[in-house]
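Read the structure below first, then the notes.
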Amino acid sequence: MNRTAVHPPLTVHPAGSAAHTRRAHGFVLQSPAIILLLVWSVVPLLMTLWYSVRNYNLVDPTQRGFAGLNNYWYLLTDPDFMTSLKNTAILVGGVLAISVGLGTLLAVLYNEEFAGRGIARILVISPFFVMPTVAALLWKNLMLHPIYGVYSAMMRAVGLTPVDWLSRYPLATLVMIVTWEWLPFATLILLTAIQSLDTEQKEAARMDGAGMVAQFINITLPHLSRAITVVIMIETIFLLTIFAEISVTTAGGPGVASTNLAFLIYSRALLQFDVGGASAGGVIAIVVANVVAAFLLRAVARNLET
Amino acid sequence: MTVVGMLLGDGARAASTLTIATVNNGDMIIMKQLSGEFEKTHPDIHLNWVTLEENVLRQRVTTDIATHAGQFDILTIGNYEVPIWARQGWLAELKPGADYDMDDIVPSVRAGLSVDSRLYALPFYAESVMTYYRTDLFQKAGLTMPQHPTYDQIRTYADRITDRDSQTYGLCLRGKPGWGENMAYVSSLVNTFGGQWFGEGWKPMLDTPEWKAALQWYVSAMKADGPPGATSNGFNENLALFASGHCGIWVDSTVAGGLLFDPKQSHVADRVGFAAAPTGPYGKGPTWLWSWNLAIPASSRHADDARLFIEWATSKAYVQLVAQHEGWVAVPAGTRVSTYNNPDYQKAAPFASFVHTAIDTANPNGQTKQPRPYGGAQFVGIAPFQAIGTQVGQTIAATLSGQMTVEQALGAAQASVTRTMRQSGYLH
């Protein structure tokens with residue numbers, strides 16, 4: 001729209017007028033989509049902002065009116081909030097580190113020729129197609145349950161005492177479950193990236209006497225760096241909002257040991273019915289997500305330039 | 001359905017559809033199965049069931065009624081919600097006719113459903129708390145369970161019968177976080193140890209020696225004699241553990257009796273003994289009383305039809321119907337005196353008179369060690385309790401799993417309860 005403003009008066013140049021009309025028509029035709037998008041994104045945001053400064057508790061309608069920054073104050077000074085931020089960071093960081101690290105190694109491995117490679121590739125990718133709730137239930141009841149679980153049966157078989165994974169090591173167990181879901185994604189992307197690596201480079205390196213490790217560090221890894229950045233970005237976006245796995249396995253507990261920001265907001269809104277406090281949490285989550293996204297996008301842009 | 005009804009023009013009244021929100025507990029499942037009988041006698045009423053797990057049901061029902069969404073015509077709610085919601089004007093008043101025989105309802109249960117002597121819900125089943133134990137394990141260990149055990153005795157017995165190699169755990173207690181799960185048990189435990197949630201002026205009293213003593217008993221007993229993974233065991237999980245022979249002693253709702261003594265559902269039906277709920281150092285205190293009730297939201301557009309259904313589902317005739325189809329041991333317990341007077345029920349359910357006395361004498365407003373501003377035994381009858389109970393429930397679960405010490409947990413709980421009470425305007 002700024003460009004139309006610096007145009008000379010439109011009546012003088014018939015051509016400009018035509019362009020203007022065309023643009024106006026274009027805008028009219030586009031407007032339903034644009035308005036829909038605006039309504040879609042801006043209205044919920046404004047409502048969240050509005051609720052976050054209101055006293056609004058579903059089960060206690062006697063609490064009404066303007067709360068000012070009270071909701072934010074109560075949230076930011078809540079020890080659970082800091083724990084949830086820390087847990088979010090551990091979840092995202094842990095899953096990223098393992099899935100990218102292991103994913104790179106698996107990608108290299110599955111790039112080599114071996115018997116049954118096709119089937120092995122399908123198997124390593126398949127966890128990605130399991131729904132998060134189903135995956136979490138499988139892990140909770142089938143694998144890790146201290147009485148009925150496969151792991152417990154295995155531990156008992158060799159005379160060990162079964163570990164109650166989800167209550168002893170809740171966050172580590174969640175990292176494991178989520179990694180299991182996301183490792184296939186990392187492997188898949190990195191594998192396709194490796195396949196685009198020119199084999200002549202490796203051959204040349206081998207003739208110069210570079211070993212497997214040296215080849216990996218000096219050729220494969222630099223070649224993969226773009227793909228790795230993309231994997232990190234996409235995974236981060238999804239991992240920041242992990243909810244289903246937590247809700248199904250630990251319900252944020254024990255205590256708040258496995259509560260991340262998304263689950264904290266849920267528990268404020270739907271377990272404690274405090275819409276005001278939950279909205280304040282939502283606003284903070286938006287800020288966090290935007291800060292992370294800004295850094296990531298910059299990193300990706302820098303990586304794509306070189 | 002309304003449209004279809006009008007098109008078909010079936011007489012003077014159009015057919016209406018009642019949407020019923022209920023919990024997936026055994027008794028409610030039976031109600032759903034038998035509701036065909038109701039539809040047969042009321043051909044112009046169709047029933048649409050929404051059956052959910054307890055915590056999910058609470059979320060759905062609470063958000064629905066608080067936002068006046070009007071999605072449900074009949075709600076299944078506890079005696080915690082009934083008075084609070086009735087005071088908000090969210091529930092329709094009920095005036096069942098003479099043939100419903102309101103005097104047959106156990107008085108303590110009825111009292112929990114009335115506000116200013118107006119009735120707002122009809123009881124579907126009611127429960128208090130009792131101790132279940134395995135008679136064969138006690139015999140093997142040479143123990144006898146007294147009629148009124150103390151918590152010290154329970155601990156001694158549990159230590160004796162725990163046998164981890166055969167996966168027999170001496171003591172099963174609720175550990176799953178939630179105000180209606182572990183906090184229901186823990187609140188009643190704390191009461192009998194002399195503790196309470198709030199003192200005068202709504203001052204939270206969680207960092208007191210009484211709470212500490214109660215929790216130390218709970219955590220150390222569960223560590224020594226409890227099943228692994230206790231923090232994920234609620235009522236239903238413990239029921240499954242006991243019924244499959246993994247538990248020696250279980251302190252929980254009286255409603256489990258009907259399921260544990262039912263040979264169709266329990267492997268230990270012939271080896272279950274029962275006694276009163278254990279007492280702690282204080283010994284007295286308010287007694288656990290919970291009822292699941294059917295109520296009609298004030299916003300329902302089919303209130304008259306809904307009345308017909310809830311009166312049917314809580315009637316004497318319904319009890320007979322369940323007895324016919326599922327046997328006497330499975331009838332909804334705790335609500336009607338006539339059920340307990342029935343010789344068939346007494347024969348089928350050896351625990352009948354015991355449970356009747358427990359519920360009849362239950363006094364959720366009984367005196368705690370110090371004066372208190374609230375009512376309720378295993379809950380606190382104020383709106384913010386759902387939030388408080390959920391938070392503290394998580395903290396208690398963290399002590400059970402060893403993530404926090406009892407002192408740390410109670411310090412954190414005291415702080416978080418104080419915050420919530422201040423935020424909701426009770427404390428200044």
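Residues are referred to by chain and number: the chain letter is A, B, ... according to the order shown in the structure tokens, the number counts from 1 in that chain, and ligands are numbered separately from 1 in the order shown.
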For the interface of chain B with chain A (cut-off 8 Å, counting only C-alpha atoms), please tabulate each contacting residue of chain B alongside its nearest pair of atoms and their separation in Å to one decimal, rows sorted by chain and increasing number, as a tab-separated table.
```
residue	atom	partner	partner_atom	distance
B:Gln59	CA	A:Leu270	CA	6.1
B:Thr62	CA	A:Val59	CA	7.2
B:Thr63	CA	A:Leu58	CA	6.9
B:Ala66	CA	A:Leu58	CA	5.6
B:Thr67	CA	A:Leu58	CA	7.4
B:Gln88	CA	A:Pro61	CA	7.9
B:Pro228	CA	A:Pro146	CA	6.1
B:Gly229	CA	A:Asp164	CA	5.6
B:Thr231	CA	A:Ser167	CA	7.0
B:Ala383	CA	A:Val59	CA	6.0
B:Pro384	CA	A:Asp60	CA	7.4
B:Gln386	CA	A:Gln272	CA	6.1
B:Ala387	CA	A:Gln272	CA	4.1
B:Ile388	CA	A:Gln272	CA	7.8
B:Thr390	CA	A:Leu271	CA	7.1
B:Gln391	CA	A:Gly255	CA	7.9
B:Gly393	CA	A:Gly255	CA	7.8
B:Gln394	CA	A:Gly255	CA	4.2
B:Thr395	CA	A:Gly255	CA	4.3
B:Ile396	CA	A:Gly255	CA	7.1
B:Ala397	CA	A:Pro254	CA	5.4
B:Ala398	CA	A:Pro254	CA	4.3
B:Ser401	CA	A:Ser167	CA	5.7
B:Gly402	CA	A:Arg168	CA	7.4
B:Gln403	CA	A:Arg168	CA	7.4
B:Arg419	CA	A:Tyr74	CA	7.9
B:Ser424	CA	A:Gln63	CA	7.2
```
Selection file, N, CA and C atoms, as a CSV table (one decimal), in the first residue's frame:
```
chain,number,residue,atom,x,y,z
B,59,GLN,N,-13.8,-32.0,33.9
B,59,GLN,CA,-13.4,-30.9,33.1
B,59,GLN,C,-14.5,-30.5,32.1
B,62,THR,N,-17.7,-29.2,34.2
B,62,THR,CA,-17.5,-27.9,34.8
B,62,THR,C,-17.4,-26.8,33.8
B,63,THR,N,-16.6,-27.0,32.7
B,63,THR,CA,-16.6,-26.0,31.7
B,63,THR,C,-17.9,-25.8,31.0
B,66,ALA,N,-20.2,-23.9,33.7
B,66,ALA,CA,-19.7,-22.6,34.0
B,66,ALA,C,-19.8,-21.6,32.9
B,67,THR,N,-19.8,-22.1,31.7
B,67,THR,CA,-19.9,-21.2,30.5
B,67,THR,C,-21.4,-21.2,30.0
B,88,GLN,N,-24.5,-21.2,43.1
B,88,GLN,CA,-24.3,-20.3,42.0
B,88,GLN,C,-25.6,-20.2,41.1
B,228,PRO,N,4.9,-51.4,43.4
B,228,PRO,CA,5.6,-50.4,42.6
B,228,PRO,C,4.7,-49.6,41.8
B,229,GLY,N,5.1,-48.4,41.5
B,229,GLY,CA,4.3,-47.6,40.6
B,229,GLY,C,3.0,-47.1,41.3
B,231,THR,N,2.2,-44.3,42.4
B,231,THR,CA,1.8,-43.0,42.1
B,231,THR,C,0.8,-43.0,40.9
B,383,ALA,N,-15.0,-23.6,46.3
B,383,ALA,CA,-14.8,-23.7,44.9
B,383,ALA,C,-13.3,-23.8,44.5
B,384,PRO,N,-12.4,-23.1,45.2
B,384,PRO,CA,-10.9,-23.2,44.8
B,384,PRO,C,-10.3,-24.6,45.2
B,386,GLN,N,-10.7,-27.5,44.0
B,386,GLN,CA,-10.3,-28.3,42.8
B,386,GLN,C,-8.9,-28.0,42.5
B,387,ALA,N,-8.6,-26.7,42.4
B,387,ALA,CA,-7.2,-26.2,42.1
B,387,ALA,C,-6.2,-26.6,43.2
B,388,ILE,N,-6.6,-26.4,44.4
B,388,ILE,CA,-5.7,-26.7,45.6
B,388,ILE,C,-5.4,-28.2,45.6
B,390,THR,N,-5.7,-30.4,43.4
B,390,THR,CA,-4.9,-30.9,42.2
B,390,THR,C,-3.4,-30.6,42.5
B,391,GLN,N,-3.1,-29.4,42.9
B,391,GLN,CA,-1.7,-29.0,43.1
B,391,GLN,C,-1.1,-29.8,44.2
B,393,GLY,N,-2.1,-32.6,45.5
B,393,GLY,CA,-2.1,-34.0,45.1
B,393,GLY,C,-0.8,-34.3,44.3
B,394,GLN,N,-0.4,-33.4,43.4
B,394,GLN,CA,0.9,-33.6,42.7
B,394,GLN,C,2.1,-33.6,43.6
B,395,THR,N,2.1,-32.7,44.6
B,395,THR,CA,3.2,-32.6,45.5
B,395,THR,C,3.3,-33.9,46.3
B,396,ILE,N,2.1,-34.4,46.8
B,396,ILE,CA,2.1,-35.6,47.6
B,396,ILE,C,2.6,-36.8,46.8
B,397,ALA,N,2.2,-36.8,45.6
B,397,ALA,CA,2.7,-37.9,44.7
B,397,ALA,C,4.2,-37.9,44.5
B,398,ALA,N,4.7,-36.6,44.5
B,398,ALA,CA,6.2,-36.5,44.4
B,398,ALA,C,6.9,-37.0,45.6
B,401,SER,N,6.9,-40.9,45.3
B,401,SER,CA,7.9,-41.4,44.4
B,401,SER,C,9.3,-41.1,44.8
B,402,GLY,N,9.5,-40.4,45.9
B,402,GLY,CA,10.8,-40.1,46.4
B,402,GLY,C,11.5,-38.9,45.8
B,403,GLN,N,10.7,-38.1,45.0
B,403,GLN,CA,11.3,-36.9,44.4
B,403,GLN,C,11.5,-35.8,45.4
B,419,ARG,N,-0.9,-19.1,48.2
B,419,ARG,CA,-1.0,-18.3,47.0
B,419,ARG,C,-2.4,-18.4,46.4
B,424,SER,N,-7.7,-16.2,45.2
B,424,SER,CA,-9.1,-16.3,45.1
B,424,SER,C,-9.9,-15.5,46.2
```
| In Å to one decimal, how far is CA of Phe185 (chain A) from CA of Gly101 (chain A)? |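 Answer for the CA of Gly101 (chain A) to CA of Phe185 (chain A) separation: 12.5 Å.
From CA of Pro364 (chain B) back to CA of Glu181 (chain B), the distance works out to 17.2 Å.
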Please report, as JSON lines, each residue of region 244-274 of chain B lying at most 9 Å from region 327-336 of chain B, together with the nearest pair of atoms and the separation in Å rounded to one decimal; use only C-alpha atoms, and order rows by chain and ascending residue number.
```
{"residue": "B:Thr254", "atom": "CA", "partner": "B:Gly334", "partner_atom": "CA", "distance": 8.6}
{"residue": "B:Val255", "atom": "CA", "partner": "B:Ala333", "partner_atom": "CA", "distance": 6.7}
{"residue": "B:Gly257", "atom": "CA", "partner": "B:Val329", "partner_atom": "CA", "distance": 8.7}
{"residue": "B:Gly258", "atom": "CA", "partner": "B:Val329", "partner_atom": "CA", "distance": 5.4}
{"residue": "B:Leu259", "atom": "CA", "partner": "B:Ala330", "partner_atom": "CA", "distance": 7.2}
{"residue": "B:Phe261", "atom": "CA", "partner": "B:Val329", "partner_atom": "CA", "distance": 7.7}
{"residue": "B:Asp262", "atom": "CA", "partner": "B:Val329", "partner_atom": "CA", "distance": 6.7}
```
What does the file look like for those residues with N, CA and C atoms, as a PDB file, in the first residue's frame?
```pdb
ATOM      1  N   THR B 254     -16.231 -47.743  50.296  1.00  0.00           N
ATOM      2  CA  THR B 254     -17.069 -48.906  50.596  1.00  0.00           C
ATOM      3  C   THR B 254     -17.668 -49.509  49.334  1.00  0.00           C
ATOM      4  N   VAL B 255     -17.693 -48.747  48.256  1.00  0.00           N
ATOM      5  CA  VAL B 255     -18.347 -49.229  47.050  1.00  0.00           C
ATOM      6  C   VAL B 255     -17.551 -50.375  46.422  1.00  0.00           C
ATOM      7  N   GLY B 257     -16.690 -52.956  47.854  1.00  0.00           N
ATOM      8  CA  GLY B 257     -17.189 -54.220  48.392  1.00  0.00           C
ATOM      9  C   GLY B 257     -17.988 -55.002  47.366  1.00  0.00           C
ATOM     10  N   GLY B 258     -18.903 -54.314  46.708  1.00  0.00           N
ATOM     11  CA  GLY B 258     -19.755 -54.965  45.725  1.00  0.00           C
ATOM     12  C   GLY B 258     -18.951 -55.592  44.597  1.00  0.00           C
ATOM     13  N   LEU B 259     -17.784 -55.045  44.321  1.00  0.00           N
ATOM     14  CA  LEU B 259     -16.965 -55.568  43.225  1.00  0.00           C
ATOM     15  C   LEU B 259     -16.018 -56.661  43.710  1.00  0.00           C
ATOM     16  N   PHE B 261     -16.469 -58.688  46.293  1.00  0.00           N
ATOM     17  CA  PHE B 261     -17.187 -59.893  46.702  1.00  0.00           C
ATOM     18  C   PHE B 261     -17.922 -60.550  45.535  1.00  0.00           C
ATOM     19  N   ASP B 262     -17.813 -59.955  44.358  1.00  0.00           N
ATOM     20  CA  ASP B 262     -18.498 -60.491  43.186  1.00  0.00           C
ATOM     21  C   ASP B 262     -17.561 -61.471  42.478  1.00  0.00           C
TER      22      ASP B 262
END
```
| message | From a backbone DSSP assignment, name each residue in region 178-392 of chain B labelled strand (DSSP E or B), as a ChimeraX atom specification. | response | /B:198,204,247-253,272-276,279,290-295,297,336
| task | Using only C-alpha atoms, determine which residues lie at most 12 Å from Lys202 (chain A), disregarding the query and same-chain residues fewer than 4 positions distant; provide the list as a ChimeraX atom specification. | result | /A:194,197-198,206-220,223
Can I get the selected residues back with N, CA and C atoms, as a PDB file, in the first residue's frame?
```
ATOM      1  N   ILE A 194      22.381 -37.242   3.007  1.00  0.00           N
ATOM      2  CA  ILE A 194      23.618 -37.991   2.742  1.00  0.00           C
ATOM      3  C   ILE A 194      23.619 -38.558   1.330  1.00  0.00           C
ATOM      4  N   LEU A 197      25.187 -36.612  -1.272  1.00  0.00           N
ATOM      5  CA  LEU A 197      26.628 -36.336  -1.157  1.00  0.00           C
ATOM      6  C   LEU A 197      27.370 -37.023  -2.310  1.00  0.00           C
ATOM      7  N   ASP A 198      28.219 -36.238  -2.956  1.00  0.00           N
ATOM      8  CA  ASP A 198      28.968 -36.756  -4.101  1.00  0.00           C
ATOM      9  C   ASP A 198      29.987 -37.797  -3.621  1.00  0.00           C
ATOM     10  N   ARG A 206      39.614 -40.654   0.472  1.00  0.00           N
ATOM     11  CA  ARG A 206      40.170 -41.950   0.832  1.00  0.00           C
ATOM     12  C   ARG A 206      41.553 -42.132   0.184  1.00  0.00           C
ATOM     13  N   MET A 207      41.665 -41.654  -1.076  1.00  0.00           N
ATOM     14  CA  MET A 207      42.952 -41.786  -1.758  1.00  0.00           C
ATOM     15  C   MET A 207      44.010 -40.939  -1.081  1.00  0.00           C
ATOM     16  N   ASP A 208      43.567 -39.821  -0.447  1.00  0.00           N
ATOM     17  CA  ASP A 208      44.522 -38.996   0.286  1.00  0.00           C
ATOM     18  C   ASP A 208      44.853 -39.587   1.642  1.00  0.00           C
ATOM     19  N   GLY A 209      44.235 -40.716   1.947  1.00  0.00           N
ATOM     20  CA  GLY A 209      44.573 -41.420   3.181  1.00  0.00           C
ATOM     21  C   GLY A 209      43.700 -41.069   4.369  1.00  0.00           C
ATOM     22  N   ALA A 210      42.519 -40.448   4.124  1.00  0.00           N
ATOM     23  CA  ALA A 210      41.634 -40.120   5.248  1.00  0.00           C
ATOM     24  C   ALA A 210      40.892 -41.378   5.709  1.00  0.00           C
ATOM     25  N   GLY A 211      40.846 -41.582   7.027  1.00  0.00           N
ATOM     26  CA  GLY A 211      40.119 -42.732   7.578  1.00  0.00           C
ATOM     27  C   GLY A 211      38.626 -42.445   7.606  1.00  0.00           C
ATOM     28  N   MET A 212      37.865 -43.439   8.104  1.00  0.00           N
ATOM     29  CA  MET A 212      36.413 -43.286   8.168  1.00  0.00           C
ATOM     30  C   MET A 212      36.017 -42.085   9.023  1.00  0.00           C
ATOM     31  N   VAL A 213      36.687 -41.973  10.179  1.00  0.00           N
ATOM     32  CA  VAL A 213      36.331 -40.898  11.108  1.00  0.00           C
ATOM     33  C   VAL A 213      36.651 -39.535  10.496  1.00  0.00           C
ATOM     34  N   ALA A 214      37.794 -39.443   9.900  1.00  0.00           N
ATOM     35  CA  ALA A 214      38.189 -38.174   9.292  1.00  0.00           C
ATOM     36  C   ALA A 214      37.236 -37.814   8.160  1.00  0.00           C
ATOM     37  N   GLN A 215      36.845 -38.820   7.380  1.00  0.00           N
ATOM     38  CA  GLN A 215      35.891 -38.558   6.295  1.00  0.00           C
ATOM     39  C   GLN A 215      34.578 -38.040   6.849  1.00  0.00           C
ATOM     40  N   PHE A 216      34.147 -38.698   7.917  1.00  0.00           N
ATOM     41  CA  PHE A 216      32.864 -38.313   8.519  1.00  0.00           C
ATOM     42  C   PHE A 216      32.906 -36.866   9.008  1.00  0.00           C
ATOM     43  N   ILE A 217      34.005 -36.537   9.720  1.00  0.00           N
ATOM     44  CA  ILE A 217      34.068 -35.203  10.319  1.00  0.00           C
ATOM     45  C   ILE A 217      34.285 -34.126   9.267  1.00  0.00           C
ATOM     46  N   ASN A 218      35.130 -34.399   8.271  1.00  0.00           N
ATOM     47  CA  ASN A 218      35.503 -33.338   7.338  1.00  0.00           C
ATOM     48  C   ASN A 218      34.645 -33.269   6.086  1.00  0.00           C
ATOM     49  N   ILE A 219      33.931 -34.327   5.758  1.00  0.00           N
ATOM     50  CA  ILE A 219      33.115 -34.285   4.540  1.00  0.00           C
ATOM     51  C   ILE A 219      31.633 -34.446   4.840  1.00  0.00           C
ATOM     52  N   THR A 220      31.273 -35.559   5.516  1.00  0.00           N
ATOM     53  CA  THR A 220      29.852 -35.837   5.716  1.00  0.00           C
ATOM     54  C   THR A 220      29.190 -34.770   6.583  1.00  0.00           C
ATOM     55  N   HIS A 223      28.652 -31.408   5.041  1.00  0.00           N
ATOM     56  CA  HIS A 223      27.612 -31.544   4.024  1.00  0.00           C
ATOM     57  C   HIS A 223      26.220 -31.584   4.656  1.00  0.00           C
TER      58      HIS A 223
END
```
| task | Pick out each residue of region 112-244 of chain B that DSSP on the backbone tags as helix (DSSP H, G or I); I need them as a VMD selection string. | result | chain B and resid 135 to 140 151 to 161 164 to 166 182 to 192 200 to 202 209 to 225 230 to 232 235 to 243
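Near Glu210 (chain B), within a cut-off of 8 Å and counting only C-alpha atoms, sit the residues B:Val190, B:Phe193, B:Gly194, B:Gly195, B:Ala213, B:Ala214, with same-chain residues fewer than 3 positions away left out.
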For Asp104 (chain B), list every protein, DNA or RNA residue within 7 Å, evaluated using only C-alpha atoms, and leave out those in the same chain fewer than 3 positions away; present the list as an mmCIF file with C-alpha atoms, in the first residue's frame.
```
data_model
loop_
_atom_site.group_PDB
_atom_site.id
_atom_site.type_symbol
_atom_site.label_atom_id
_atom_site.label_comp_id
_atom_site.auth_asym_id
_atom_site.auth_seq_id
_atom_site.Cartn_x
_atom_site.Cartn_y
_atom_site.Cartn_z
ATOM 1 C CA ASP B 101 -40.114 -42.011 48.727
ATOM 2 C CA ARG B 336 -31.611 -46.354 49.958
ATOM 3 C CA VAL B 337 -32.485 -47.811 53.339
ATOM 4 C CA SER B 338 -34.837 -50.267 51.620
#
```
| said: At a cut-off of 8 Å, using only C-alpha atoms, what residues contact Ile242 (chain A)? Leave out same-chain residues fewer than 4 positions from it and give the result as number ranges by chain. | reply: A: 238, 246, 260, 262
Only C-alpha atoms, please: the residues just picked out, written as a PDB file, in the first residue's frame.
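Listing of again_27.pdb after writing:
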```pdb
ATOM      1  CA  PHE A 238       7.018 -29.291  17.715  1.00  0.00           C
ATOM      2  CA  ILE A 246       3.025 -35.901  29.202  1.00  0.00           C
ATOM      3  CA  ASN A 260       6.455 -28.273  30.673  1.00  0.00           C
ATOM      4  CA  ALA A 262       2.257 -26.325  27.590  1.00  0.00           C
TER       5      ALA A 262
END
```
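Every protein or nucleic acid residue with an atom no more than 10 Å from Leu261 (chain A), counting only C-alpha atoms and leaving out same-chain residues fewer than 4 positions away, appears here: Asp80, Phe81, Met82, Thr83, Ser84, Leu85, Lys86, Asn87, Thr88, Ala89, Leu240, Thr241, Ile242, Phe243, Ile265, Tyr266, Ser267, Gly281, Gly282, Ile284, Ala285 and Val288 of chain A.
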